[in-house]
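One file, structure-v4.pdb, is given below (PDB, C-alpha atoms).
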```
ATOM      1  CA  MET A1476     159.692 -29.852 -16.574
ATOM      2  CA  SER A1477     159.082 -30.922 -12.988
ATOM      3  CA  ASN A1478     157.544 -28.913 -10.193
ATOM      4  CA  ILE A1479     159.551 -30.461  -7.350
ATOM      5  CA  ARG A1480     160.199 -28.218  -4.400
ATOM      6  CA  LEU A1481     162.172 -28.909  -1.246
ATOM      7  CA  PRO A1482     160.299 -28.757   2.068
ATOM      8  CA  LEU A1483     160.456 -25.403   3.829
ATOM      9  CA  GLY A1484     163.386 -25.054   6.170
ATOM     10  CA  HIS A1485     165.445 -27.641   4.288
ATOM     11  CA  ARG A1486     168.626 -26.510   2.699
ATOM     12  CA  LEU A1487     171.117 -28.373   0.655
ATOM     13  CA  SER A1488     174.557 -28.677   2.128
ATOM     14  CA  PHE A1489     177.424 -29.572  -0.112
ATOM     15  CA  GLU A1490     180.322 -30.247   2.207
ATOM     16  CA  THR A1491     183.721 -30.020   0.646
ATOM     17  CA  GLY A1492     187.031 -30.908   2.197
ATOM     18  CA  ALA A1493     187.621 -27.240   2.949
ATOM     19  CA  ASP A1494     184.195 -26.984   4.663
ATOM     20  CA  ALA A1495     185.037 -29.959   6.866
ATOM     21  CA  ILE A1496     188.385 -28.451   7.836
ATOM     22  CA  GLU A1497     186.763 -25.082   8.577
ATOM     23  CA  ALA A1498     184.184 -26.803  10.794
ATOM     24  CA  GLU A1499     186.973 -28.607  12.655
ATOM     25  CA  ILE A1500     188.882 -25.341  13.159
ATOM     26  CA  MET A1501     185.775 -23.613  14.514
ATOM     27  CA  ALA A1502     185.124 -26.516  16.881
ATOM     28  CA  GLU A1503     188.696 -26.363  18.172
ATOM     29  CA  LYS A1504     188.495 -22.583  18.644
ATOM     30  CA  GLY A1505     185.324 -23.043  20.682
ATOM     31  CA  ALA A1506     186.845 -25.806  22.800
ATOM     32  CA  SER A1507     189.969 -23.749  23.390
ATOM     33  CA  LEU A1508     187.879 -20.744  24.393
ATOM     34  CA  GLY A1509     186.003 -22.938  26.868
ATOM     35  CA  ARG A1510     189.226 -24.224  28.417
ATOM     36  CA  ALA A1511     190.608 -20.687  28.680
ATOM     37  CA  GLY A1512     187.372 -19.508  30.320
ATOM     38  CA  HIS A1513     187.560 -22.344  32.836
ATOM     39  CA  LYS A1514     191.129 -21.334  33.694
ATOM     40  CA  VAL A1515     189.944 -17.749  34.294
ATOM     41  CA  GLU A1516     187.228 -19.049  36.626
ATOM     42  CA  THR A1517     189.623 -21.185  38.657
ATOM     43  CA  THR A1518     192.350 -18.557  39.007
ATOM     44  CA  LEU A1519     189.849 -15.874  40.041
ATOM     45  CA  ALA A1520     188.265 -18.300  42.520
ATOM     46  CA  ASP A1521     191.700 -18.988  44.008
ATOM     47  CA  LEU A1522     192.305 -15.252  44.392
ATOM     48  CA  LYS A1523     188.877 -14.680  45.981
ATOM     49  CA  ALA A1524     189.375 -17.602  48.366
ATOM     50  CA  PHE A1525     192.755 -16.208  49.381
ATOM     51  CA  ASP A1526     191.221 -12.800  50.110
ATOM     52  CA  ALA A1527     188.219 -14.279  51.961
ATOM     53  CA  ASN A1528     190.402 -16.398  54.230
ATOM     54  CA  GLY A1529     192.965 -13.692  54.892
ATOM     55  CA  GLY A1530     195.367 -16.189  53.410
ATOM     56  CA  ALA A1531     198.975 -16.531  54.184
ATOM     57  CA  GLY A1532     201.236 -16.756  51.211
ATOM     58  CA  ASP A1533     202.068 -14.964  48.032
ATOM     59  CA  ARG A1534     198.999 -13.016  46.878
ATOM     60  CA  ALA A1535     201.015 -11.409  44.082
ATOM     61  CA  ALA A1536     201.508 -14.846  42.523
ATOM     62  CA  LEU A1537     197.743 -15.420  42.515
ATOM     63  CA  VAL A1538     197.124 -12.031  40.896
ATOM     64  CA  LYS A1539     199.772 -12.807  38.286
ATOM     65  CA  ALA A1540     198.230 -16.228  37.540
ATOM     66  CA  ALA A1541     194.781 -14.679  37.184
ATOM     67  CA  ALA A1542     196.107 -11.918  34.909
ATOM     68  CA  THR A1543     197.879 -14.463  32.721
ATOM     69  CA  ALA A1544     194.726 -16.583  32.451
ATOM     70  CA  VAL A1545     192.606 -13.535  31.582
ATOM     71  CA  TRP A1546     195.161 -12.362  29.012
ATOM     72  CA  TYR A1547     195.179 -15.763  27.288
ATOM     73  CA  TYR A1548     191.368 -15.820  27.391
ATOM     74  CA  PHE A1549     191.163 -12.403  25.749
ATOM     75  CA  ILE A1550     193.601 -13.510  23.044
ATOM     76  CA  GLN A1551     191.478 -16.597  22.368
ATOM     77  CA  ARG A1552     188.310 -14.478  22.197
ATOM     78  CA  GLU A1553     189.970 -12.247  19.616
ATOM     79  CA  ALA A1554     191.036 -15.305  17.618
ATOM     80  CA  CYS A1555     187.342 -16.238  17.537
ATOM     81  CA  GLY A1556     186.453 -12.780  16.239
ATOM     82  CA  ILE A1557     185.140 -11.403  19.539
ATOM     83  CA  ARG A1558     186.716  -7.978  19.966
ATOM     84  CA  ASP A1559     184.705  -6.469  22.829
ATOM     85  CA  GLN A1560     186.068  -7.696  26.161
ATOM     86  CA  LYS A1561     183.656  -5.724  28.372
ATOM     87  CA  PRO A1562     181.022  -8.500  28.523
ATOM     88  CA  ALA A1563     183.676 -11.013  29.611
ATOM     89  CA  ILE A1564     184.986  -8.642  32.269
ATOM     90  CA  ALA A1565     181.469  -8.237  33.643
ATOM     91  CA  HIS A1566     180.611 -11.957  33.363
ATOM     92  CA  TYR A1567     183.667 -13.155  35.277
ATOM     93  CA  GLY A1568     183.826 -10.137  37.586
ATOM     94  CA  ILE A1569     187.471  -9.591  36.727
ATOM     95  CA  PRO A1570     188.950  -7.183  39.281
ATOM     96  CA  ARG A1571     190.661  -4.001  38.111
ATOM     97  CA  GLU A1572     193.823  -5.163  39.867
ATOM     98  CA  VAL A1573     193.963  -8.183  37.556
ATOM     99  CA  LEU A1574     193.177  -6.140  34.449
ATOM    100  CA  MET A1575     196.012  -3.744  35.270
ATOM    101  CA  ARG A1576     198.470  -6.675  35.143
ATOM    102  CA  LEU A1577     197.472  -8.014  31.714
ATOM    103  CA  GLY A1578     200.547  -8.759  29.672
ATOM    104  CA  ALA A1579     202.917  -7.893  32.525
ATOM    105  CA  ARG A1580     205.679 -10.316  33.379
TER     106      ARG A1580
END
```

Kindly return the structure encoded in the file as C-alpha coordinates.
Amino acid sequence: MSNIRLPLGHRLSFETGADAIEAEIMAEKGASLGRAGHKVETTLADLKAFDANGGAGDRAALVKAAATAVWYYFIQREACGIRDQKPAIAHYGIPREVLMRLGAR
(Lines of atoms letter the chains of each structure in order from A and count residues from 1; the text may use other names and numbers.)
(Lines give C-alpha, C1' and ligand atoms only; values in the text may rest on other atoms or scores of the structure.)
Protein backbone atom coordinates (compact mmCIF):
# COMPACT_ATOMS: atom_id res chain seq x y z
CA MET A 1 0.00 0.00 0.00
CA SER A 2 1.32 3.42 -0.95
CA ASN A 3 1.56 6.50 1.20
CA ILE A 4 0.99 9.06 -1.57
CA ARG A 5 -0.67 12.26 -0.52
CA LEU A 6 -1.69 15.24 -2.62
CA PRO A 7 -0.06 18.60 -1.82
CA LEU A 8 -2.04 20.79 0.56
CA GLY A 9 -4.49 23.07 -1.16
CA HIS A 10 -4.76 20.80 -4.21
CA ARG A 11 -8.09 19.30 -4.95
CA LEU A 12 -9.15 16.95 -7.64
CA SER A 13 -11.68 18.28 -10.08
CA PHE A 14 -13.62 15.86 -12.19
CA GLU A 15 -15.45 17.99 -14.71
CA THR A 16 -18.43 16.38 -16.32
CA GLY A 17 -20.51 17.70 -19.15
CA ALA A 18 -23.08 18.93 -16.65
CA ASP A 19 -20.35 20.75 -14.66
CA ALA A 20 -19.17 22.51 -17.82
CA ILE A 21 -22.71 23.58 -18.68
CA GLU A 22 -23.31 24.82 -15.12
CA ALA A 23 -20.09 26.85 -15.28
CA GLU A 24 -21.20 28.37 -18.59
CA ILE A 25 -24.62 29.26 -17.15
CA MET A 26 -23.02 30.92 -14.12
CA ALA A 27 -20.67 32.89 -16.36
CA GLU A 28 -23.59 34.09 -18.49
CA LYS A 29 -25.60 35.08 -15.40
CA GLY A 30 -22.64 37.12 -14.17
CA ALA A 31 -22.15 38.80 -17.54
CA SER A 32 -25.84 39.58 -17.79
CA LEU A 33 -25.84 41.04 -14.28
CA GLY A 34 -22.90 43.25 -15.26
CA ARG A 35 -24.68 44.52 -18.37
CA ALA A 36 -27.84 45.22 -16.37
CA GLY A 37 -25.80 47.09 -13.74
CA HIS A 38 -24.16 49.19 -16.44
CA LYS A 39 -27.60 50.08 -17.82
CA VAL A 40 -28.69 51.20 -14.33
CA GLU A 41 -25.59 53.40 -14.08
CA THR A 42 -26.18 55.06 -17.45
CA THR A 43 -29.90 55.69 -16.98
CA LEU A 44 -29.37 57.14 -13.49
CA ALA A 45 -26.53 59.31 -14.83
CA ASP A 46 -28.84 60.60 -17.57
CA LEU A 47 -31.48 61.47 -14.97
CA LYS A 48 -28.94 63.21 -12.72
CA ALA A 49 -27.51 65.17 -15.65
CA PHE A 50 -31.00 66.27 -16.63
CA ASP A 51 -31.70 67.49 -13.09
CA ALA A 52 -28.29 69.21 -12.76
CA ASN A 53 -28.70 71.11 -16.02
CA GLY A 54 -32.32 72.06 -15.43
CA GLY A 55 -32.90 70.19 -18.65
CA ALA A 56 -35.59 70.81 -21.12
CA GLY A 57 -37.46 67.78 -22.25
CA ASP A 58 -39.36 64.85 -20.90
CA ARG A 59 -38.07 64.05 -17.40
CA ALA A 60 -40.80 61.45 -16.93
CA ALA A 61 -39.29 59.42 -19.78
CA LEU A 62 -35.90 59.44 -18.04
CA VAL A 63 -37.46 58.31 -14.76
CA LYS A 64 -39.31 55.55 -16.60
CA ALA A 65 -36.11 54.39 -18.35
CA ALA A 66 -34.23 54.34 -15.05
CA ALA A 67 -37.04 52.43 -13.32
CA THR A 68 -37.13 49.87 -16.12
CA ALA A 69 -33.35 49.40 -15.95
CA VAL A 70 -33.45 49.01 -12.16
CA TRP A 71 -36.35 46.55 -12.39
CA TYR A 72 -34.49 44.38 -14.91
CA TYR A 73 -31.36 44.58 -12.74
CA PHE A 74 -33.27 43.42 -9.68
CA ILE A 75 -34.76 40.53 -11.65
CA GLN A 76 -31.28 39.50 -12.80
CA ARG A 77 -29.95 39.70 -9.23
CA GLU A 78 -32.74 37.40 -8.08
CA ALA A 79 -31.95 34.98 -10.91
CA CYS A 80 -28.41 34.87 -9.49
CA GLY A 81 -29.77 34.08 -6.04
CA ILE A 82 -29.32 37.57 -4.58
CA ARG A 83 -32.56 38.42 -2.80
CA ASP A 84 -31.64 41.51 -0.78
CA GLN A 85 -31.85 44.61 -2.98
CA LYS A 86 -30.91 47.13 -0.27
CA PRO A 87 -27.15 46.98 -0.98
CA ALA A 88 -27.78 47.64 -4.68
CA ILE A 89 -30.07 50.56 -3.88
CA ALA A 90 -27.37 52.07 -1.67
CA HIS A 91 -24.53 51.31 -4.12
CA TYR A 92 -26.20 52.96 -7.11
CA GLY A 93 -27.96 55.65 -5.07
CA ILE A 94 -31.28 54.78 -6.65
CA PRO A 95 -33.73 57.59 -5.90
CA ARG A 96 -37.04 56.82 -4.20
CA GLU A 97 -38.83 58.31 -7.19
CA VAL A 98 -37.32 55.61 -9.41
CA LEU A 99 -38.05 52.83 -6.92
CA MET A 100 -41.70 53.89 -6.75
CA ARG A 101 -41.99 53.30 -10.52
CA LEU A 102 -40.60 49.75 -10.58
CA GLY A 103 -42.78 47.55 -12.72
CA ALA A 104 -45.05 50.42 -13.77
CA ARG A 105 -45.83 50.87 -17.43

**OP:** For His1513 in chain A, list every protein, DNA or RNA residue within 12 Å, evaluated using only C-alpha atoms, and leave out those in the same chain fewer than 6 positions away; present the list as a PyMOL selection string.
**Re:** chain A and resi 1506-1507+1519-1520+1541+1544-1545+1547-1548+1567

Subject >> Protein and nucleic acid residues near (199.8, -15.1, 39.5) (cut-off 12 Å, only C-alpha atoms) as JSON, numbers by chain >> reply: {"A": [1515, 1517, 1518, 1519, 1521, 1522, 1532, 1533, 1534, 1535, 1536, 1537, 1538, 1539, 1540, 1541, 1542, 1543, 1544, 1545, 1546, 1572, 1573, 1576, 1577, 1578, 1579, 1580]}

Around range 1515-1533 of chain A, fit a box with edges along x, y and z, padding it by 8 Å on each side, then list its centre and edge lengths in Å to one decimal as AutoDock Vina command-line options.
```
--center_x 194.6 --center_y -17.0 --center_z 44.6 --size_x 30.8 --size_y 24.4 --size_z 36.6
```

Original post:
So which residues touch range 1551-1564 of chain A within 9 Å, counting all atoms listed in the file, skipping near sequence neighbours fewer than 5 positions away, as a PyMOL selection string?
Top reply: chain A and resi 1501+1504-1505+1507-1508+1511+1546+1569-1570+1574

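Nearest to Gly1512 in chain A of all the residues A:Thr1491, A:Gly1568, A:Phe1549, A:Met1575 is A:Phe1549, based on only C-alpha atoms.
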
**OP:** Figure out the distance between CA of Ala1527 in chain A and CA of Arg1571 in chain A, please, to one decimal in Å.
**Re:** 17.4 Å

**OP:** Grab the CA of Ile1550 in chain A to CA of Phe1525 in chain A distance for me, in Å with one decimal place.
**Re:**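 Rounded to one decimal, the two atoms are 26.5 Å apart.
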
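The two atoms in question, CA of His1566 in chain A and CA of Ile1500 in chain A, are spaced 25.6 Å apart.
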